[in-house]
file my_file-v9.cif (mmCIF, C-alpha atoms)
data_query
loop_
_atom_site.label_atom_id
_atom_site.label_comp_id
_atom_site.auth_asym_id
_atom_site.auth_seq_id
_atom_site.Cartn_x
_atom_site.Cartn_y
_atom_site.Cartn_z
CA MET A 87 -70.97 -3.09 65.25
CA LYS A 88 -70.57 -4.41 68.78
CA ILE A 89 -73.94 -4.24 70.52
CA GLY A 90 -74.68 -5.03 74.16
CA ILE A 91 -78.23 -5.96 75.07
CA LEU A 92 -79.32 -5.93 78.69
CA GLY A 93 -82.05 -8.51 79.37
CA THR A 94 -82.58 -12.12 78.27
CA GLY A 95 -86.38 -12.04 77.84
CA MET A 96 -88.46 -11.99 74.67
CA VAL A 97 -87.32 -8.48 73.71
CA GLY A 98 -83.62 -9.17 74.31
CA GLN A 99 -83.78 -12.45 72.40
CA THR A 100 -85.70 -11.02 69.45
CA LEU A 101 -83.43 -7.98 69.10
CA GLY A 102 -80.31 -10.11 69.62
CA ALA A 103 -81.28 -12.65 66.95
CA LYS A 104 -82.07 -9.99 64.36
CA LEU A 105 -78.95 -7.91 65.02
CA ALA A 106 -76.74 -11.02 64.85
CA GLU A 107 -78.47 -11.97 61.59
CA ARG A 108 -77.54 -8.51 60.31
CA GLY A 109 -73.89 -9.28 61.07
CA HIS A 110 -73.46 -7.39 64.32
CA GLU A 111 -71.43 -8.75 67.23
CA VAL A 112 -74.08 -9.13 69.91
CA MET A 113 -73.64 -9.91 73.58
CA ILE A 114 -76.71 -10.30 75.78
CA GLY A 115 -76.22 -9.42 79.43
CA THR A 116 -77.93 -11.04 82.38
CA ARG A 117 -77.82 -10.76 86.16
CA ASP A 118 -76.40 -14.27 86.67
CA VAL A 119 -75.05 -16.19 83.68
CA ALA A 120 -74.99 -19.59 85.39
CA ASP A 121 -78.54 -19.18 86.64
CA THR A 122 -79.79 -18.03 83.21
CA LEU A 123 -78.25 -21.07 81.53
CA ALA A 124 -79.39 -23.48 84.24
CA ARG A 125 -83.11 -22.67 83.87
CA MET A 126 -84.76 -25.58 82.05
CA GLU A 127 -88.45 -24.75 82.52
CA PRO A 128 -90.53 -22.44 80.33
CA ASN A 129 -90.96 -19.04 81.99
CA GLN A 130 -94.27 -17.68 83.29
CA TYR A 131 -95.31 -16.66 79.76
CA GLY A 132 -94.66 -20.14 78.37
CA MET A 133 -91.44 -19.10 76.61
CA PRO A 134 -88.77 -21.82 76.30
CA PRO A 135 -85.80 -21.32 78.63
CA PHE A 136 -82.99 -19.03 77.45
CA SER A 137 -80.63 -22.00 76.99
CA ALA A 138 -82.93 -23.46 74.31
CA TRP A 139 -82.99 -20.16 72.43
CA HIS A 140 -79.24 -19.75 72.86
CA ALA A 141 -78.54 -23.19 71.38
CA GLU A 142 -80.25 -21.97 68.20
CA HIS A 143 -78.40 -18.63 68.19
CA PRO A 144 -74.80 -19.59 69.03
CA SER A 145 -73.36 -16.41 67.50
CA VAL A 146 -75.01 -14.31 70.22
CA ARG A 147 -72.76 -14.30 73.26
CA LEU A 148 -74.08 -14.36 76.80
CA GLY A 149 -72.37 -12.43 79.60
CA THR A 150 -73.03 -10.48 82.74
CA PHE A 151 -74.69 -7.07 82.57
CA ALA A 152 -71.21 -5.57 83.02
CA GLU A 153 -69.63 -7.70 80.29
CA ALA A 154 -72.40 -6.91 77.81
CA ALA A 155 -72.16 -3.18 78.61
CA GLN A 156 -68.39 -3.27 78.20
CA HIS A 157 -68.70 -5.21 74.94
CA GLY A 158 -71.23 -2.88 73.34
CA GLU A 159 -70.32 0.28 71.44
CA THR A 160 -74.05 0.79 71.74
CA ILE A 161 -76.34 -0.60 74.43
CA ILE A 162 -79.98 -1.64 74.29
CA ASN A 163 -81.98 -1.81 77.52
CA ALA A 164 -84.38 -4.74 77.20
CA THR A 165 -84.91 -5.31 80.91
CA ASN A 166 -88.23 -4.77 82.66
CA GLY A 167 -88.58 -1.06 83.33
CA THR A 168 -89.08 -1.61 87.03
CA GLY A 169 -85.65 -3.27 87.22
CA SER A 170 -83.79 -1.11 84.72
CA ILE A 171 -82.05 1.27 87.12
CA ASN A 172 -80.73 -1.70 89.05
CA ALA A 173 -79.64 -3.52 85.89
CA LEU A 174 -77.75 -0.47 84.63
CA SER A 175 -76.14 0.03 88.03
CA ILE A 176 -74.86 -3.54 87.92
CA ALA A 177 -73.72 -3.00 84.32
CA GLY A 178 -71.59 -0.18 85.67
CA GLU A 179 -71.52 3.52 84.89
CA THR A 180 -68.00 3.39 83.41
CA ASN A 181 -69.08 0.66 80.97
CA LEU A 182 -71.99 2.81 79.79
CA SER A 183 -70.71 6.39 79.84
CA GLY A 184 -70.52 8.20 76.53
CA LYS A 185 -72.50 5.48 74.76
CA ILE A 186 -75.96 5.59 73.23
CA LEU A 187 -78.42 3.51 75.24
CA ILE A 188 -81.61 2.62 73.38
CA ASP A 189 -84.22 2.21 76.09
CA ALA A 190 -86.95 -0.20 74.96
CA SER A 191 -88.31 -0.77 78.45
CA ASN A 192 -91.74 -0.10 79.94
CA PRO A 193 -92.64 0.43 83.61
CA LEU A 194 -95.21 -2.38 83.69
CA ASP A 195 -96.19 -3.35 87.22
CA PHE A 196 -97.93 -6.72 87.35
CA SER A 197 -98.12 -6.77 91.15
CA ARG A 198 -101.71 -5.46 91.20
CA GLY A 199 -102.94 -8.07 88.72
CA MET A 200 -103.98 -7.75 85.08
CA PRO A 201 -103.96 -5.52 83.21
CA PRO A 202 -100.71 -4.15 84.64
CA THR A 203 -100.47 -0.59 85.90
CA LEU A 204 -97.43 1.64 85.40
CA ALA A 205 -94.85 1.82 88.18
CA VAL A 206 -94.05 5.40 87.17
CA CYS A 207 -95.99 7.84 84.99
CA ASN A 208 -97.48 11.31 84.52
CA THR A 209 -94.69 13.42 86.04
CA ASP A 210 -91.78 11.03 85.37
CA SER A 211 -90.82 8.00 83.29
CA ILE A 212 -88.26 5.20 83.15
CA GLY A 213 -86.49 7.00 80.33
CA GLU A 214 -86.05 10.11 82.48
CA GLN A 215 -85.04 8.07 85.54
CA LEU A 216 -82.28 6.35 83.55
CA GLN A 217 -81.07 9.65 82.09
CA ARG A 218 -80.95 11.27 85.54
CA ALA A 219 -79.18 8.28 87.11
CA PHE A 220 -76.61 8.06 84.28
CA PRO A 221 -76.10 11.61 82.97
CA ALA A 222 -73.10 10.60 80.81
CA VAL A 223 -75.18 8.03 78.91
CA LYS A 224 -77.10 9.15 75.81
CA VAL A 225 -80.52 7.67 76.54
CA VAL A 226 -82.80 7.39 73.50
CA LYS A 227 -86.24 5.97 74.20
CA ALA A 228 -87.44 3.83 71.30
CA LEU A 229 -89.16 0.56 70.34
CA ASN A 230 -91.21 0.36 73.56
CA THR A 231 -94.54 0.94 71.79
CA VAL A 232 -94.63 -2.27 69.73
CA THR A 233 -94.41 -5.99 70.41
CA ALA A 234 -90.97 -7.59 70.04
CA PHE A 235 -91.59 -9.20 66.63
CA LEU A 236 -92.61 -5.84 65.16
CA MET A 237 -89.61 -4.05 66.67
CA VAL A 238 -87.30 -5.99 64.37
CA ASP A 239 -89.65 -6.52 61.42
CA PRO A 240 -92.18 -3.71 60.90
CA ALA A 241 -93.02 -5.17 57.47
CA LEU A 242 -95.05 -7.85 59.29
CA VAL A 243 -98.01 -5.43 59.38
CA ASN A 244 -99.33 -2.98 56.76
CA ASN A 245 -96.21 -3.39 54.60
CA GLY A 246 -94.21 -1.63 57.30
CA ASP A 247 -96.22 1.57 56.94
CA HIS A 248 -96.70 2.54 60.58
CA THR A 249 -95.05 4.76 63.14
CA LEU A 250 -92.33 4.52 65.78
CA PHE A 251 -91.44 7.26 68.27
CA ILE A 252 -88.05 8.30 69.59
CA CYS A 253 -87.00 10.84 72.17
CA GLY A 254 -83.89 11.76 74.12
CA ASN A 255 -81.89 14.77 75.22
CA ASP A 256 -79.05 14.32 72.70
CA GLY A 257 -80.15 15.38 69.22
CA ALA A 258 -77.25 13.68 67.44
CA ALA A 259 -77.97 10.44 69.30
CA ARG A 260 -81.64 10.62 68.26
CA THR A 261 -80.61 11.11 64.64
CA GLN A 262 -78.20 8.17 64.87
CA VAL A 263 -80.83 5.88 66.40
CA ASN A 264 -83.32 6.94 63.75
CA THR A 265 -80.81 5.86 61.08
CA TRP A 266 -80.11 2.55 62.82
CA LEU A 267 -83.82 1.76 63.17
CA GLY A 268 -84.05 2.01 59.40
CA GLU A 269 -80.84 0.07 58.67
CA TRP A 270 -81.29 -2.65 61.27
CA PHE A 271 -85.02 -3.29 61.08
CA GLY A 272 -86.55 -1.34 58.19
CA TRP A 273 -88.40 1.37 60.10
CA ARG A 274 -89.41 4.11 57.65
CA ASP A 275 -91.76 6.31 59.70
CA VAL A 276 -90.01 7.43 62.90
CA ILE A 277 -91.27 10.56 64.66
CA ASP A 278 -88.77 12.48 66.79
CA LEU A 279 -90.65 13.74 69.86
CA GLY A 280 -87.76 15.74 71.29
CA ASP A 281 -86.24 15.51 74.74
CA ILE A 282 -86.46 12.55 77.11
CA THR A 283 -89.49 13.92 78.97
CA SER A 284 -91.52 12.67 75.99
CA ALA A 285 -90.83 9.17 77.35
CA ARG A 286 -93.80 9.91 79.64
CA GLY A 287 -95.92 9.98 76.51
CA THR A 288 -94.59 6.81 74.91
CA GLU A 289 -94.67 4.86 78.20
CA MET A 290 -98.19 6.09 79.05
CA TYR A 291 -99.28 4.80 75.65
CA LEU A 292 -98.91 1.29 77.06
CA PRO A 293 -102.33 1.14 78.76
CA ILE A 294 -104.19 1.73 75.50
CA TRP A 295 -101.80 -0.67 73.74
CA LEU A 296 -102.75 -3.37 76.26
CA ARG A 297 -106.49 -2.71 75.78
CA LEU A 298 -106.06 -2.83 72.01
CA TRP A 299 -104.23 -6.13 72.36
CA GLY A 300 -107.29 -7.45 74.19
CA ALA A 301 -109.80 -5.96 71.73
CA LEU A 302 -107.93 -7.04 68.59
CA GLY A 303 -106.87 -10.43 69.93
CA THR A 304 -103.30 -9.95 68.78
CA GLY A 305 -100.23 -7.90 69.64
CA MET A 306 -99.33 -7.66 65.98
CA PHE A 307 -100.63 -4.15 65.41
CA ASN A 308 -99.33 -0.61 65.61
CA VAL A 309 -100.41 2.98 65.13
CA LYS A 310 -99.85 4.93 61.95
CA ILE A 311 -99.90 8.68 62.53
CA VAL A 312 -101.96 10.30 59.76
CA LYS A 313 -102.21 14.01 59.04
CA MET B 142 -132.86 13.94 68.46
CA LYS B 143 -132.68 16.18 71.51
CA ILE B 144 -129.04 16.41 72.62
CA GLY B 145 -127.71 18.14 75.73
CA ILE B 146 -124.07 19.23 75.70
CA LEU B 147 -122.36 20.16 78.96
CA GLY B 148 -119.62 22.75 78.41
CA THR B 149 -119.39 25.93 76.30
CA GLY B 150 -115.73 25.63 75.25
CA MET B 151 -114.23 24.70 71.89
CA VAL B 152 -115.43 21.09 72.14
CA GLY B 153 -118.99 21.99 73.16
CA GLN B 154 -119.25 24.62 70.44
CA THR B 155 -117.84 22.41 67.70
CA LEU B 156 -120.05 19.44 68.60
CA GLY B 157 -123.08 21.69 69.04
CA ALA B 158 -122.67 23.39 65.68
CA LYS B 159 -122.27 20.10 63.79
CA LEU B 160 -125.16 18.36 65.53
CA ALA B 161 -127.46 21.35 64.91
CA GLU B 162 -126.36 21.35 61.26
CA ARG B 163 -127.40 17.68 61.15
CA GLY B 164 -130.89 18.70 62.30
CA HIS B 165 -130.68 17.78 65.98
CA GLU B 166 -132.19 19.93 68.73
CA VAL B 167 -129.14 20.96 70.70
CA MET B 168 -128.95 22.72 74.04
CA ILE B 169 -125.57 23.62 75.47
CA GLY B 170 -125.40 23.79 79.24
CA THR B 171 -123.24 26.09 81.31
CA ARG B 172 -122.68 26.83 84.98
CA ASP B 173 -124.09 30.37 84.78
CA VAL B 174 -125.98 31.46 81.67
CA ALA B 175 -125.84 35.20 82.37
CA ASP B 176 -122.11 35.04 83.05
CA THR B 177 -121.45 32.98 79.89
CA LEU B 178 -123.34 35.51 77.73
CA ALA B 179 -121.80 38.54 79.46
CA ARG B 180 -118.21 37.57 78.68
CA MET B 181 -116.96 39.83 75.89
CA GLU B 182 -113.22 39.09 75.90
CA PRO B 183 -111.49 36.24 74.07
CA ASN B 184 -110.69 33.39 76.49
CA GLN B 185 -107.15 32.35 77.52
CA TYR B 186 -106.72 30.40 74.25
CA GLY B 187 -107.72 33.39 72.13
CA MET B 188 -111.15 31.98 71.30
CA PRO B 189 -113.90 34.58 70.74
CA PRO B 190 -116.42 34.79 73.59
CA PHE B 191 -119.34 32.34 73.59
CA SER B 192 -121.80 35.10 72.75
CA ALA B 193 -120.06 35.75 69.43
CA TRP B 194 -120.22 32.06 68.53
CA HIS B 195 -123.84 31.86 69.71
CA ALA B 196 -124.87 34.78 67.50
CA GLU B 197 -123.73 32.72 64.50
CA HIS B 198 -125.46 29.55 65.73
CA PRO B 199 -128.88 30.77 66.90
CA SER B 200 -130.49 27.33 66.56
CA VAL B 201 -128.32 26.01 69.41
CA ARG B 202 -130.00 26.86 72.70
CA LEU B 203 -128.08 27.85 75.82
CA GLY B 204 -129.22 26.79 79.27
CA THR B 205 -127.97 25.75 82.66
CA PHE B 206 -126.27 22.38 83.12
CA ALA B 207 -129.58 21.14 84.57
CA GLU B 208 -131.67 22.49 81.70
CA ALA B 209 -129.36 21.00 79.07
CA ALA B 210 -129.35 17.64 80.88
CA GLN B 211 -133.13 17.66 81.13
CA HIS B 212 -133.45 18.66 77.45
CA GLY B 213 -131.19 15.94 76.13
CA GLU B 214 -132.31 12.40 75.34
CA THR B 215 -128.56 11.91 75.11
CA ILE B 216 -125.89 13.93 76.88
CA ILE B 217 -122.35 14.82 75.83
CA ASN B 218 -119.84 15.81 78.49
CA ALA B 219 -117.61 18.49 76.97
CA THR B 220 -116.44 20.04 80.24
CA ASN B 221 -112.86 19.92 81.46
CA GLY B 222 -112.30 16.52 83.04
CA THR B 223 -111.18 18.04 86.30
CA GLY B 224 -114.58 19.77 86.63
CA SER B 225 -116.78 17.04 85.18
CA ILE B 226 -118.01 15.43 88.40
CA ASN B 227 -119.04 18.85 89.66
CA ALA B 228 -120.73 19.75 86.36
CA LEU B 229 -122.73 16.52 86.32
CA SER B 230 -123.70 17.00 89.95
CA ILE B 231 -125.08 20.43 89.12
CA ALA B 232 -126.81 18.96 86.05
CA GLY B 233 -128.62 16.66 88.46
CA GLU B 234 -128.71 12.89 88.75
CA THR B 235 -132.43 12.70 87.91
CA ASN B 236 -131.87 14.64 84.68
CA LEU B 237 -129.14 12.18 83.63
CA SER B 238 -130.31 8.79 84.88
CA GLY B 239 -131.03 6.14 82.26
CA LYS B 240 -129.46 8.24 79.50
CA ILE B 241 -126.31 7.66 77.48
CA LEU B 242 -123.60 10.16 78.39
CA ILE B 243 -120.81 10.45 75.83
CA ASP B 244 -117.78 11.52 77.83
CA ALA B 245 -115.37 13.46 75.63
CA SER B 246 -113.41 14.93 78.54
CA ASN B 247 -109.76 14.62 79.53
CA PRO B 248 -108.20 15.08 83.00
CA LEU B 249 -105.76 17.74 81.85
CA ASP B 250 -104.18 19.60 84.76
CA PHE B 251 -102.53 22.85 83.69
CA SER B 252 -101.67 23.91 87.25
CA ARG B 253 -98.10 22.56 87.00
CA GLY B 254 -97.40 24.37 83.73
CA MET B 255 -97.01 23.08 80.19
CA PRO B 256 -97.30 20.43 79.00
CA PRO B 257 -100.19 19.58 81.32
CA THR B 258 -100.13 16.49 83.52
CA LEU B 259 -103.15 14.28 84.17
CA ALA B 260 -105.20 14.92 87.31
CA VAL B 261 -106.07 11.22 87.45
CA CYS B 262 -104.49 8.22 85.69
CA ASN B 263 -103.01 4.73 85.93
CA THR B 264 -105.46 3.18 88.43
CA ASP B 265 -108.49 5.36 87.67
CA SER B 266 -109.88 7.75 85.05
CA ILE B 267 -112.49 10.46 84.61
CA GLY B 268 -114.68 7.98 82.73
CA GLU B 269 -114.64 5.60 85.68
CA GLN B 270 -115.17 8.40 88.21
CA LEU B 271 -118.27 9.57 86.34
CA GLN B 272 -119.64 6.04 86.06
CA ARG B 273 -119.10 5.41 89.78
CA ALA B 274 -120.66 8.75 90.79
CA PHE B 275 -123.67 8.25 88.48
CA PRO B 276 -124.32 4.50 88.29
CA ALA B 277 -127.67 4.94 86.52
CA VAL B 278 -126.02 6.86 83.66
CA LYS B 279 -124.66 4.90 80.69
CA VAL B 280 -121.20 6.46 80.37
CA VAL B 281 -119.49 5.86 77.02
CA LYS B 282 -116.02 7.34 76.69
CA ALA B 283 -115.40 8.60 73.16
CA LEU B 284 -113.96 11.44 71.07
CA ASN B 285 -111.39 12.47 73.72
CA THR B 286 -108.41 11.35 71.59
CA VAL B 287 -108.76 13.88 68.77
CA THR B 288 -108.95 17.65 68.45
CA ALA B 289 -112.46 19.18 68.26
CA PHE B 290 -112.46 19.78 64.50
CA LEU B 291 -111.63 16.12 63.84
CA MET B 292 -114.28 14.88 66.28
CA VAL B 293 -117.01 16.17 63.98
CA ASP B 294 -115.22 15.83 60.64
CA PRO B 295 -112.76 12.93 60.45
CA ALA B 296 -112.56 13.40 56.67
CA LEU B 297 -110.32 16.42 57.30
CA VAL B 298 -107.31 14.05 57.52
CA ASN B 299 -106.41 10.96 55.47
CA ASN B 300 -109.88 10.84 53.87
CA GLY B 301 -111.33 9.93 57.25
CA ASP B 302 -109.33 6.69 57.41
CA HIS B 303 -108.20 6.72 61.05
CA THR B 304 -109.32 5.32 64.35
CA LEU B 305 -111.53 6.33 67.25
CA PHE B 306 -111.90 4.37 70.51
CA ILE B 307 -114.99 3.81 72.63
CA CYS B 308 -115.49 2.08 75.96
CA GLY B 309 -118.20 1.79 78.58
CA ASN B 310 -119.90 -0.76 80.79
CA ASP B 311 -123.15 -0.96 78.79
CA GLY B 312 -122.65 -2.94 75.58
CA ALA B 313 -125.85 -1.71 73.95
CA ALA B 314 -124.89 1.89 74.71
CA ARG B 315 -121.46 1.35 73.13
CA THR B 316 -123.10 -0.08 70.01
CA GLN B 317 -125.51 2.87 69.87
CA VAL B 318 -122.70 5.42 70.24
CA ASN B 319 -120.69 3.64 67.57
CA THR B 320 -123.65 4.02 65.19
CA TRP B 321 -124.12 7.69 66.07
CA LEU B 322 -120.43 8.46 65.54
CA GLY B 323 -120.86 7.21 61.98
CA GLU B 324 -124.19 8.92 61.34
CA TRP B 325 -123.37 12.25 62.98
CA PHE B 326 -119.75 12.73 61.98
CA GLY B 327 -118.71 10.04 59.50
CA TRP B 328 -116.46 7.90 61.73
CA ARG B 329 -115.84 4.58 59.96
CA ASP B 330 -113.11 2.97 62.09
CA VAL B 331 -114.26 2.80 65.72
CA ILE B 332 -112.63 0.23 68.01
CA ASP B 333 -114.67 -0.99 70.98
CA LEU B 334 -112.24 -1.40 73.90
CA GLY B 335 -114.80 -2.88 76.31
CA ASP B 336 -115.69 -1.71 79.78
CA ILE B 337 -115.13 1.77 81.19
CA THR B 338 -111.78 0.90 82.79
CA SER B 339 -110.34 1.26 79.27
CA ALA B 340 -110.87 5.01 79.73
CA ARG B 341 -107.53 4.85 81.57
CA GLY B 342 -105.99 3.88 78.25
CA THR B 343 -107.65 6.54 76.13
CA GLU B 344 -107.05 9.29 78.71
CA MET B 345 -103.40 8.26 79.22
CA TYR B 346 -102.96 8.55 75.46
CA LEU B 347 -103.16 12.34 75.92
CA PRO B 348 -99.50 12.85 76.89
CA ILE B 349 -98.22 11.35 73.63
CA TRP B 350 -100.94 13.24 71.74
CA LEU B 351 -99.63 16.49 73.24
CA ARG B 352 -96.01 15.64 72.30
CA LEU B 353 -97.11 14.75 68.78
CA TRP B 354 -98.94 18.07 68.54
CA GLY B 355 -95.63 19.74 69.36
CA ALA B 356 -93.56 17.60 67.00
CA LEU B 357 -95.98 17.84 64.07
CA GLY B 358 -96.87 21.50 64.62
CA THR B 359 -100.59 20.81 64.29
CA GLY B 360 -103.40 19.14 66.20
CA MET B 361 -104.92 17.94 62.93
CA PHE B 362 -103.66 14.37 63.12
CA ASN B 363 -104.80 11.06 64.48
CA VAL B 364 -103.74 7.45 64.80
CA LYS B 365 -104.80 4.74 62.42
CA ILE B 366 -104.55 1.28 63.96
CA VAL B 367 -102.98 -1.07 61.43
CA LYS B 368 -102.76 -4.85 61.73
#

call {"tool": "encode", "arguments": {"input": "my_file-v9.cif", "output": "structure tokens"}}
result
Amino acid sequence: MKIGILGTGMVGQTLGAKLAERGHEVMIGTRDVADTLARMEPNQYGMPPFSAWHAEHPSVRLGTFAEAAQHGETIINATNGTGSINALSIAGETNLSGKILIDASNPLDFSRGMPPTLAVCNTDSIGEQLQRAFPAVKVVKALNTVTAFLMVDPALVNNGDHTLFICGNDGAARTQVNTWLGEWFGWRDVIDLGDITSARGTEMYLPIWLRLWGALGTGMFNVKIVK
Amino acid sequence: MKIGILGTGMVGQTLGAKLAERGHEVMIGTRDVADTLARMEPNQYGMPPFSAWHAEHPSVRLGTFAEAAQHGETIINATNGTGSINALSIAGETNLSGKILIDASNPLDFSRGMPPTLAVCNTDSIGEQLQRAFPAVKVVKALNTVTAFLMVDPALVNNGDHTLFICGNDGAARTQVNTWLGEWFGWRDVIDLGDITSARGTEMYLPIWLRLWGALGTGMFNVKIVK
């Protein structure tokens, strides 16, 4: 399948590499292709520049947000939540309309220091903002509750026996994403939380995730819902 | 041990009954004793009136907030989070100072309809508000992430193999509460999240808990952290 990924950071790279490995035609979109390729320094998290990653993953194409959105039959939003509306606007409504958009973003606001606060929460969420701004897009919130490596390889902890959450207004789109999460990455325990307002819940889970990261000393963990 | 519980609702009753069963001297505190005993109608959630519960649990004493706080060597806050500062003020700083207060409350605000929003979140929490208002009290946030029946009997799901979170500024108090949670109720997997600012994380977990309650059709579930 042709998949467009918006965002060249850790999440975009990790999803792009795995989906290409699975045989999909992946294009990653960025704000400025020349600028993305010209960066030669590690980013603020110590990650190698995109060009170094791209040299090792030549089958993943790089384009503008608009080119990646046009390319993809399905789109994944891997931009920072605080910049997602802007990224999708640049990608262009006509390139997105009618398509499923898997929103893996979180509204992390680092401007007040660590740990980050949320730029939106409680009565709204990034998932809802995107759905309101692009009503013809089928927004399905997913993957935002685990670190990038676990998104694409849940078997890395507890033999893959742990839980992912999805929500979105389009029931058929949720069912489709649920199937893809299994086929693409091996997710077996996906809980459907219903409409996109549940994105408040999965985004507001981030603060405890961040505290757990600190307490456990690793981001390689997840929750398993037990009944 | 002498334990004072603030709040006569489901959480206060459930904790009180279990702690009395374990042989502790429990006093539950309320705003107005006569009013609490005079109520004869089920409450808005369909719970029988306190007096009916009390008749079946005669070893649990009922008193004012101040009497329960004075009685307890340790205090449990089982009031609604939005009324907790007021309840503790009525209980009296001198009756609380130097004691561990286990804060099981959540800032659920039902005034905007269902599902409830949080009255405070993101940059503050009820746990932090209580600690700031009563600096001589050792506030330990705990138990607020599960339904009342699971608080006192984790074995009801997954053989008790699931996770509870605690946080608070006093390390010795956290260690003590961790021990009590095991002795009183059988909690085996308690993660210490550090200082009281982590209460933002455990309180902001409520929105996804509420959506899971809806999706699963039961409140008898919890998260197990897997690594």

call {"tool": "closest_residue", "arguments": {"input": "my_file-v9.cif", "among": "B:Arg329, B:Arg253, B:Arg172, B:Arg315", "to": "chain A", "atoms": "only C-alpha atoms"}}
result
B:Arg253

call {"tool": "atom_distance", "arguments": {"input": "my_file-v9.cif", "atom1": "CA of Thr171 (chain B)", "atom2": "CA of Ser238 (chain B)"}}
result
19.0 Å

call {"tool": "closest_atom_pairs", "arguments": {"input": "my_file-v9.cif", "of": "chain A", "to": "chain B", "cutoff": "8 Å", "atoms": "all atoms listed in the file", "output": "Markdown table"}}
result
| residue | atom | partner | partner_atom | distance |
| --- | --- | --- | --- | --- |
| A:Thr203 | CA | B:Asn263 | CA | 5.9 |
| A:Leu204 | CA | B:Asn263 | CA | 6.4 |
| A:Cys207 | CA | B:Asn263 | CA | 7.7 |
| A:Asn208 | CA | B:Thr258 | CA | 5.9 |
| A:Thr209 | CA | B:Thr258 | CA | 6.7 |
| A:Val243 | CA | B:Lys368 | CA | 5.3 |
| A:Asn244 | CA | B:Val367 | CA | 6.2 |
| A:His248 | CA | B:Val367 | CA | 7.3 |
| A:Ile277 | CA | B:Ala356 | CA | 7.8 |
| A:Asp278 | CA | B:Ala356 | CA | 7.0 |
| A:Leu279 | CA | B:Ala356 | CA | 5.6 |
| A:Gly280 | CA | B:Ala356 | CA | 7.5 |
| A:Ser284 | CA | B:Arg352 | CA | 6.5 |
| A:Arg286 | CA | B:Pro348 | CA | 7.0 |
| A:Gly287 | CA | B:Ile349 | CA | 3.9 |
| A:Thr288 | CA | B:Ile349 | CA | 6.0 |
| A:Met290 | CA | B:Met345 | CA | 5.6 |
| A:Tyr291 | CA | B:Tyr346 | CA | 5.3 |
| A:Leu292 | CA | B:Gly342 | CA | 7.6 |
| A:Pro293 | CA | B:Gly342 | CA | 4.6 |
| A:Ile294 | CA | B:Gly342 | CA | 3.9 |
| A:Trp295 | CA | B:Gly342 | CA | 7.7 |
| A:Arg297 | CA | B:Leu334 | CA | 6.2 |
| A:Leu298 | CA | B:Leu334 | CA | 6.6 |
| A:Gly300 | CA | B:Leu334 | CA | 7.8 |
| A:Ala301 | CA | B:Leu334 | CA | 5.6 |
| A:Met306 | CA | B:Lys368 | CA | 6.1 |
| A:Phe307 | CA | B:Lys368 | CA | 4.3 |
| A:Asn308 | CA | B:Val367 | CA | 5.6 |
| A:Val309 | CA | B:Ile366 | CA | 4.6 |
| A:Lys310 | CA | B:Lys365 | CA | 5.0 |
| A:Ile311 | CA | B:Val364 | CA | 4.6 |
| A:Val312 | CA | B:Phe362 | CA | 5.5 |
| A:Lys313 | CA | B:Phe362 | CA | 4.3 |

call {"tool": "closest_residue", "arguments": {"input": "my_file-v9.cif", "among": "A:Val97, A:His143, A:Thr168, A:Gly213", "to": "Val232 (chain A)", "atoms": "all atoms listed in the file"}}
result
A:Val97

call {"tool": "resolve_selection", "arguments": {"input": "my_file-v9.cif", "expression": "the PyMOL selection byres ((chain A and resi 145) around 12)", "output": "count of residues only"}}
result
22

call {"tool": "closest_residue", "arguments": {"input": "my_file-v9.cif", "among": "A:Met200, A:Gly268, A:Gly184, A:Ile282", "to": "Ile212 (chain A)", "atoms": "only C-alpha atoms"}}
result
A:Ile282

call {"tool": "residues_around", "arguments": {"input": "my_file-v9.cif", "residues": "Ile188 (chain A)", "least_positions_apart": "6", "cutoff": "8 Å", "atoms": "all atoms listed in the file", "output": "PyMOL selection string"}}
result
chain A and resi 160-163+225-228+263

call {"tool": "residues_around", "arguments": {"input": "my_file-v9.cif", "residues": "Glu153 (chain A)", "least_positions_apart": "2", "cutoff": "10 Å", "atoms": "all atoms listed in the file", "output": "PDB file with C-alpha atoms, keeping the file's coordinate frame"}}
result
ATOM      1  CA  GLY A  90     -74.680  -5.030  74.160  1.00  0.00           C
ATOM      2  CA  LEU A  92     -79.320  -5.930  78.690  1.00  0.00           C
ATOM      3  CA  MET A 113     -73.640  -9.910  73.580  1.00  0.00           C
ATOM      4  CA  ILE A 114     -76.710 -10.300  75.780  1.00  0.00           C
ATOM      5  CA  GLY A 115     -76.220  -9.420  79.430  1.00  0.00           C
ATOM      6  CA  THR A 116     -77.930 -11.040  82.380  1.00  0.00           C
ATOM      7  CA  LEU A 148     -74.080 -14.360  76.800  1.00  0.00           C
ATOM      8  CA  GLY A 149     -72.370 -12.430  79.600  1.00  0.00           C
ATOM      9  CA  THR A 150     -73.030 -10.480  82.740  1.00  0.00           C
ATOM     10  CA  PHE A 151     -74.690  -7.070  82.570  1.00  0.00           C
ATOM     11  CA  ALA A 155     -72.160  -3.180  78.610  1.00  0.00           C
ATOM     12  CA  GLN A 156     -68.390  -3.270  78.200  1.00  0.00           C
ATOM     13  CA  HIS A 157     -68.700  -5.210  74.940  1.00  0.00           C
ATOM     14  CA  GLY A 158     -71.230  -2.880  73.340  1.00  0.00           C
ATOM     15  CA  ALA A 177     -73.720  -3.000  84.320  1.00  0.00           C
ATOM     16  CA  GLY A 178     -71.590  -0.180  85.670  1.00  0.00           C
ATOM     17  CA  ASN A 181     -69.080   0.660  80.970  1.00  0.00           C
TER      18      ASN A 181
END

call {"tool": "closest_residue", "arguments": {"input": "my_file-v9.cif", "among": "B:Gly222, B:Gly309, B:Gly150, B:Pro248", "to": "Tyr186 (chain B)", "atoms": "only C-alpha atoms"}}
result
B:Gly150
